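See structure below.
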Amino acid sequence: SLEDQYMVYARPVTTDGEIIAYVMTLANTNRENNFVSVTRRVVINSSIGVMIAAVVAAYFITERIVHPLRKMTDAAKKFARGDFSTRVEVFKPNSEVAELAKAFNNMADSLESLEKMRNSFLANISHDLRTPMTTISGFIDGINSGAIPPEKHEYYLGIIAAEVRR
């Protein structure tokens, strides 16, 4: 039929270098075309499957690497706001990201310790300033109100001067 495709193969038959005949074969190529079509579909579908698997694998591998870095970014933002209590979880003990997380946590410990020392220092300074100020204020109020007699003013002004110098 004219709808079918055929392949023709011809080969000369020679004797003593002279062509005496041709052998020709005729083959229907529909089966070969079907085979090529099926093969093409299998290759395309397999390639799509491999690409999807590669994208999924790349996503999970990237997420595994990026997740700790995101945690460190969040912790750094908390540090910027003055919250030094945050620590970063160390995922893979022998990776570069784990080393970075350990260094980050050490930095957090140092900053938290410094913040505690600073707060303690400020509390001590406030207390040390409050005591002389209270004494000075009390003596001045006593002098102004008349609770301290005028003959004692010189004595208490000396105490006030000593407290100011201290």
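Identifiers in the structure tokens: chain A, B, ... in order shown; residue index from 1 per chain; ligand index from 1 in order shown.
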Region 85-97 of chain A: which residues within 7 Å, counting only C-alpha atoms, same-chain residues fewer than 4 positions away excluded, as a CSV table (one decimal) with all heavy atoms, in the first residue's frame?
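Contents of result_23.csv, freshly written:
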```
chain,number,residue,atom,x,y,z
A,71,LYS,N,19.3,30.1,60.4
A,71,LYS,CA,19.2,30.1,61.9
A,71,LYS,C,20.2,31.1,62.4
A,71,LYS,O,20.0,31.9,63.4
A,71,LYS,CB,19.5,28.7,62.5
A,71,LYS,CG,18.4,27.7,62.2
A,71,LYS,CD,17.2,28.1,63.1
A,71,LYS,CE,16.1,26.9,62.9
A,71,LYS,NZ,14.9,27.3,63.7
A,72,MET,N,21.5,31.1,61.9
A,72,MET,CA,22.5,32.0,62.3
A,72,MET,C,22.1,33.5,62.0
A,72,MET,O,22.3,34.4,62.8
A,72,MET,CB,23.8,31.7,61.7
A,72,MET,CG,24.5,30.5,62.4
A,72,MET,SD,26.1,30.2,61.7
A,72,MET,CE,25.9,28.6,61.0
A,75,ALA,N,19.6,34.5,64.5
A,75,ALA,CA,20.3,34.8,65.8
A,75,ALA,C,21.0,36.1,65.8
A,75,ALA,O,21.0,36.8,66.8
A,75,ALA,CB,21.2,33.6,66.2
A,101,ALA,N,28.9,27.5,63.3
A,101,ALA,CA,27.9,27.5,64.4
A,101,ALA,C,28.5,27.5,65.7
A,101,ALA,O,28.1,28.2,66.7
A,101,ALA,CB,26.9,26.4,64.2
A,102,LYS,N,29.6,26.7,65.9
A,102,LYS,CA,30.3,26.7,67.2
A,102,LYS,C,30.9,28.0,67.5
A,102,LYS,O,30.8,28.5,68.6
A,102,LYS,CB,31.4,25.6,67.2
A,102,LYS,CG,30.8,24.2,67.2
A,102,LYS,CD,31.9,23.2,67.1
A,102,LYS,CE,31.4,21.8,66.9
A,102,LYS,NZ,32.5,20.8,66.6
A,105,ASN,N,28.2,30.4,68.5
A,105,ASN,CA,27.8,30.2,69.9
A,105,ASN,C,28.8,30.7,70.9
A,105,ASN,O,28.4,31.2,72.0
A,105,ASN,CB,27.5,28.7,70.1
A,105,ASN,CG,26.2,28.3,69.4
A,105,ASN,OD1,25.3,29.1,69.1
A,105,ASN,ND2,26.1,27.0,69.1
A,112,GLU,N,27.1,37.6,75.9
A,112,GLU,CA,26.2,37.5,77.0
A,112,GLU,C,26.9,37.8,78.3
A,112,GLU,O,26.4,38.5,79.2
A,112,GLU,CB,25.5,36.1,77.0
A,112,GLU,CG,24.4,36.0,78.1
A,112,GLU,CD,23.7,34.7,77.9
A,112,GLU,OE1,24.3,33.6,77.6
A,112,GLU,OE2,22.5,34.7,78.1
```
Open item on the list: Taking only region 18-104 of chain A into account, list the residues labelled helix (DSSP H, G or I) by DSSP (computed from the backbone), as JSON, numbers by chain.
Closed with: {"A": [30, 31, 32, 33, 34, 35, 36, 37, 38, 39, 40, 41, 42, 43, 44, 45, 46, 47, 48, 49, 50, 51, 52, 53, 54, 55, 56, 57, 58, 59, 60, 61, 62, 63, 64, 65, 66, 67, 68, 69, 70, 71, 72, 73, 74, 75, 76, 77, 78, 79, 80, 96, 97, 98, 99, 100, 101, 102, 103, 104]}
Task: Which of region 8-163 of chain A DSSP labels strand (DSSP E), written as number ranges by chain - done: A: 8-15, 18-28
